[in-house]
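First the structure, in the form of structure tokens, and then the observations on it.
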Amino acid sequence: MQARLSSPPIGLTAPASEKLVRLSRAMEWVTTVGIVLIVALVGAAFVVPSWARNLLLAKLGEIGNRLPLDAGNQAVAAIIIAVPIVVMLWGLLNVRALFSEFARGQVFTATAAIHLQRFGIAVLAQGALGPITATALALALSLGNPPGQRLLVLTFSSNDYVSVIVGGVLIAVAAVMREAARLADENASFV
């Protein structure tokens with residue numbers, strides 16, 4: 001059995017549940033647009049050399065400006081960048097599914113908890129993938145440089161740290177949600 005918003009969940013009034021449905025529908029669209037834009041813009045970044053250079057600058061700072069960016073290096077960079085992008089898209093697909101659940105009135109369900117947990121895993125993974133991606137990019141793109149001019153870049157930003165923390169919080173909230181869904185099912189079986 002799954003909790004539905006037709007009767008407001010514990011702690012939600014009817015107007016609050018209607019607001020949740022409206023917000024969830026809007027966020028489902030926002031997430032969909034974001035997924036499409038990420039795919040299109042990252043894809044374009046590796047077709048347009050100046051965009052690829054800007055992406056390297058964003059990931060590596062000024063060091064990205066000194067790295068060679070021929071067609072081969074552009075392909076290598078695309079493969080390296082694809083890993084965190086795929087993880088991000090997987091997370092966004094799960095959060096989109098979560099908003100879809102909410103919009104259908106399914107709030108405290110095991111399915112909603114799974115989508116939230118997967119999104120949390122994706123957010124947490126982004127925190128770990130940020131430094132790994134920057135290091136891999138610098139190593140791969142400077143490998144063709146003569147000895148002494150190859151680069152090893154180690155980065156860790158506050159954004160990476162926050163991603164790890166927020167991802168952990170989302171995973172914990174998903175566990176609480178899963179327990180709430182289990183208790184709701186258990187209580188419903190007594191009736």
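By convention here, the chains of the structure tokens are called A, B, ... in the order presented, each chain's residues are numbered starting at 1, and ligands are numbered starting at 1 in the order presented.
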
Residues near region 141-151 of chain A, cut-off 10 Å, only C-alpha atoms, skip fewer than 4 positions along chain, as a list of chain:residue names:
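Contacts, in chain order: A:Ile63, A:Gly64, A:Arg66, A:Leu67, A:Pro68, A:Leu69, A:Asp70, A:Gly72, A:Asn73, A:Gln74, A:Val76, A:Ala77, A:Thr135, A:Ala136, A:Leu137.
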
Fewer than 4 positions away in the same chain doesn't count, so skip those; otherwise give me all residues within 12 Å of Ala45 (chain A), counting only C-alpha atoms, as a PDB file with C-alpha atoms, in the first residue's frame.
```pdb
ATOM      1  CA  LEU A  37      20.294  21.216 -21.871  1.00  0.00           C
ATOM      2  CA  ILE A  38      23.114  19.310 -20.162  1.00  0.00           C
ATOM      3  CA  VAL A  39      23.208  16.703 -22.926  1.00  0.00           C
ATOM      4  CA  ALA A  40      23.047  19.330 -25.682  1.00  0.00           C
ATOM      5  CA  LEU A  41      25.561  21.773 -24.206  1.00  0.00           C
ATOM      6  CA  PRO A  49      36.853  23.755 -29.758  1.00  0.00           C
ATOM      7  CA  SER A  50      36.471  27.113 -27.974  1.00  0.00           C
ATOM      8  CA  TRP A  51      33.683  25.647 -25.818  1.00  0.00           C
ATOM      9  CA  ALA A  52      35.879  22.657 -24.980  1.00  0.00           C
ATOM     10  CA  ARG A  53      38.623  25.076 -23.932  1.00  0.00           C
ATOM     11  CA  ASN A  54      36.147  26.962 -21.728  1.00  0.00           C
ATOM     12  CA  LEU A  55      35.080  23.676 -20.133  1.00  0.00           C
ATOM     13  CA  LEU A  56      38.730  22.869 -19.368  1.00  0.00           C
ATOM     14  CA  GLN A  74      39.295  16.638 -27.260  1.00  0.00           C
ATOM     15  CA  ALA A  75      38.015  13.055 -27.576  1.00  0.00           C
ATOM     16  CA  ALA A  77      38.585  14.946 -22.521  1.00  0.00           C
ATOM     17  CA  ALA A  78      35.057  14.080 -23.673  1.00  0.00           C
ATOM     18  CA  ILE A  81      34.056  14.355 -18.618  1.00  0.00           C
ATOM     19  CA  ALA A  82      31.386  11.840 -19.670  1.00  0.00           C
TER      20      ALA A  82
END
```

Run DSSP on the backbone and give me the residues of chain A it puts in alpha helix (DSSP H), as a ChimeraX atom specification.
/A:14-45,49-60,63-66,71-103,110-142,158-190

Residues of the last selection are to be written out with C-alpha atoms, as a tab-separated table (two decimals), in the first residue's frame.
```tsv
chain	number	residue	atom	x	y	z
A	14	ALA	CA	-5.04	19.85	1.82
A	15	PRO	CA	-3.69	23.24	0.58
A	16	ALA	CA	-0.14	22.12	1.41
A	17	SER	CA	-0.58	18.88	-0.53
A	18	GLU	CA	-1.97	20.83	-3.52
A	19	LYS	CA	1.09	23.09	-3.36
A	20	LEU	CA	3.35	20.02	-3.27
A	21	VAL	CA	1.65	18.61	-6.39
A	22	ARG	CA	2.02	21.94	-8.26
A	23	LEU	CA	5.64	22.35	-7.16
A	24	SER	CA	6.43	18.75	-8.11
A	25	ARG	CA	4.94	19.15	-11.59
A	26	ALA	CA	6.92	22.34	-12.13
A	27	MET	CA	10.13	20.72	-10.87
A	28	GLU	CA	9.54	17.71	-13.10
A	29	TRP	CA	9.56	20.08	-16.10
A	30	VAL	CA	12.56	22.04	-14.81
A	31	THR	CA	14.48	18.79	-14.36
A	32	THR	CA	13.53	17.59	-17.85
A	33	VAL	CA	14.70	20.85	-19.41
A	34	GLY	CA	17.93	20.65	-17.41
A	35	ILE	CA	18.64	17.10	-18.60
A	36	VAL	CA	18.10	18.10	-22.24
A	37	LEU	CA	20.29	21.22	-21.87
A	38	ILE	CA	23.11	19.31	-20.16
A	39	VAL	CA	23.21	16.70	-22.93
A	40	ALA	CA	23.05	19.33	-25.68
A	41	LEU	CA	25.56	21.77	-24.21
A	42	VAL	CA	28.13	19.20	-23.10
A	43	GLY	CA	27.82	17.51	-26.49
A	44	ALA	CA	28.34	20.86	-28.21
A	45	ALA	CA	31.31	21.63	-25.97
A	49	PRO	CA	36.85	23.76	-29.76
A	50	SER	CA	36.47	27.11	-27.97
A	51	TRP	CA	33.68	25.65	-25.82
A	52	ALA	CA	35.88	22.66	-24.98
A	53	ARG	CA	38.62	25.08	-23.93
A	54	ASN	CA	36.15	26.96	-21.73
A	55	LEU	CA	35.08	23.68	-20.13
A	56	LEU	CA	38.73	22.87	-19.37
A	57	LEU	CA	39.20	26.34	-17.90
A	58	ALA	CA	36.15	25.80	-15.68
A	59	LYS	CA	37.47	22.41	-14.49
A	60	LEU	CA	41.18	23.19	-14.20
A	63	ILE	CA	46.17	25.30	-16.21
A	64	GLY	CA	43.43	24.25	-18.63
A	65	ASN	CA	44.51	27.07	-20.92
A	66	ARG	CA	48.02	25.58	-21.27
A	71	ALA	CA	41.05	16.43	-31.93
A	72	GLY	CA	42.54	13.44	-30.07
A	73	ASN	CA	42.79	15.30	-26.78
A	74	GLN	CA	39.30	16.64	-27.26
A	75	ALA	CA	38.02	13.06	-27.58
A	76	VAL	CA	39.96	11.97	-24.47
A	77	ALA	CA	38.59	14.95	-22.52
A	78	ALA	CA	35.06	14.08	-23.67
A	79	ILE	CA	35.43	10.52	-22.39
A	80	ILE	CA	36.75	11.70	-19.01
A	81	ILE	CA	34.06	14.36	-18.62
A	82	ALA	CA	31.39	11.84	-19.67
A	83	VAL	CA	31.75	9.90	-16.41
A	84	PRO	CA	30.54	12.65	-14.03
A	85	ILE	CA	28.00	13.80	-16.63
A	86	VAL	CA	26.46	10.31	-16.84
A	87	VAL	CA	26.32	10.12	-13.03
A	88	MET	CA	24.69	13.58	-12.94
A	89	LEU	CA	22.13	12.59	-15.59
A	90	TRP	CA	21.33	9.36	-13.70
A	91	GLY	CA	20.74	11.44	-10.57
A	92	LEU	CA	18.58	13.95	-12.42
A	93	LEU	CA	16.49	11.17	-13.97
A	94	ASN	CA	15.89	9.82	-10.47
A	95	VAL	CA	14.95	13.20	-9.01
A	96	ARG	CA	12.64	13.73	-12.00
A	97	ALA	CA	11.00	10.37	-11.19
A	98	LEU	CA	10.74	11.45	-7.54
A	99	PHE	CA	8.92	14.64	-8.54
A	100	SER	CA	6.67	12.56	-10.80
A	101	GLU	CA	5.79	10.34	-7.81
A	102	PHE	CA	5.00	13.42	-5.71
A	103	ALA	CA	2.90	14.94	-8.51
A	110	ALA	CA	9.27	2.89	-0.99
A	111	THR	CA	9.55	3.94	-4.65
A	112	ALA	CA	9.91	7.62	-3.73
A	113	ALA	CA	12.54	6.70	-1.14
A	114	ILE	CA	14.52	4.71	-3.73
A	115	HIS	CA	14.52	7.65	-6.15
A	116	LEU	CA	15.63	10.01	-3.38
A	117	GLN	CA	18.37	7.60	-2.30
A	118	ARG	CA	19.66	7.27	-5.88
A	119	PHE	CA	19.68	11.03	-6.29
A	120	GLY	CA	21.61	11.30	-3.01
A	121	ILE	CA	24.14	8.76	-4.27
A	122	ALA	CA	24.59	10.77	-7.47
A	123	VAL	CA	25.09	14.02	-5.54
A	124	LEU	CA	27.58	12.35	-3.19
A	125	ALA	CA	29.42	10.82	-6.16
A	126	GLN	CA	29.73	14.25	-7.77
A	127	GLY	CA	31.74	15.38	-4.76
A	128	ALA	CA	34.20	12.53	-5.25
A	129	LEU	CA	34.23	12.75	-9.05
A	130	GLY	CA	35.14	16.45	-9.14
A	131	PRO	CA	38.73	16.03	-7.95
A	132	ILE	CA	39.18	12.72	-9.80
A	133	THR	CA	37.99	14.25	-13.08
A	134	ALA	CA	40.31	17.26	-12.78
A	135	THR	CA	43.29	15.00	-12.06
A	136	ALA	CA	42.44	12.64	-14.94
A	137	LEU	CA	42.01	15.54	-17.37
A	138	ALA	CA	45.35	17.14	-16.49
A	139	LEU	CA	47.21	13.82	-16.63
A	140	ALA	CA	45.64	12.65	-19.89
A	141	LEU	CA	45.96	15.95	-21.72
A	142	SER	CA	49.55	16.63	-20.65
A	158	SER	CA	34.08	23.58	-1.10
A	159	ASN	CA	31.52	22.54	-3.76
A	160	ASP	CA	32.96	19.02	-3.69
A	161	TYR	CA	32.70	18.96	0.11
A	162	VAL	CA	29.13	20.29	0.08
A	163	SER	CA	28.15	17.68	-2.53
A	164	VAL	CA	29.39	14.91	-0.26
A	165	ILE	CA	27.50	16.32	2.74
A	166	VAL	CA	24.25	17.02	0.84
A	167	GLY	CA	24.42	13.59	-0.80
A	168	GLY	CA	24.81	11.99	2.62
A	169	VAL	CA	21.84	13.95	3.98
A	170	LEU	CA	19.67	12.88	1.03
A	171	ILE	CA	20.63	9.23	1.52
A	172	ALA	CA	19.77	9.48	5.23
A	173	VAL	CA	16.41	11.17	4.50
A	174	ALA	CA	15.66	8.41	1.97
A	175	ALA	CA	16.29	5.81	4.69
A	176	VAL	CA	13.87	7.67	6.99
A	177	MET	CA	11.34	7.85	4.16
A	178	ARG	CA	11.66	4.12	3.52
A	179	GLU	CA	11.02	3.44	7.22
A	180	ALA	CA	7.98	5.76	7.15
A	181	ALA	CA	6.61	3.87	4.13
A	182	ARG	CA	7.18	0.54	5.93
A	183	LEU	CA	5.37	1.80	9.04
A	184	ALA	CA	2.49	3.15	6.94
A	185	ASP	CA	2.13	-0.23	5.22
A	186	GLU	CA	2.29	-2.01	8.59
A	187	ASN	CA	-0.36	0.29	10.10
A	188	ALA	CA	-2.58	-0.10	7.06
A	189	SER	CA	-2.47	-3.90	7.42
A	190	PHE	CA	-3.99	-3.64	10.91
```
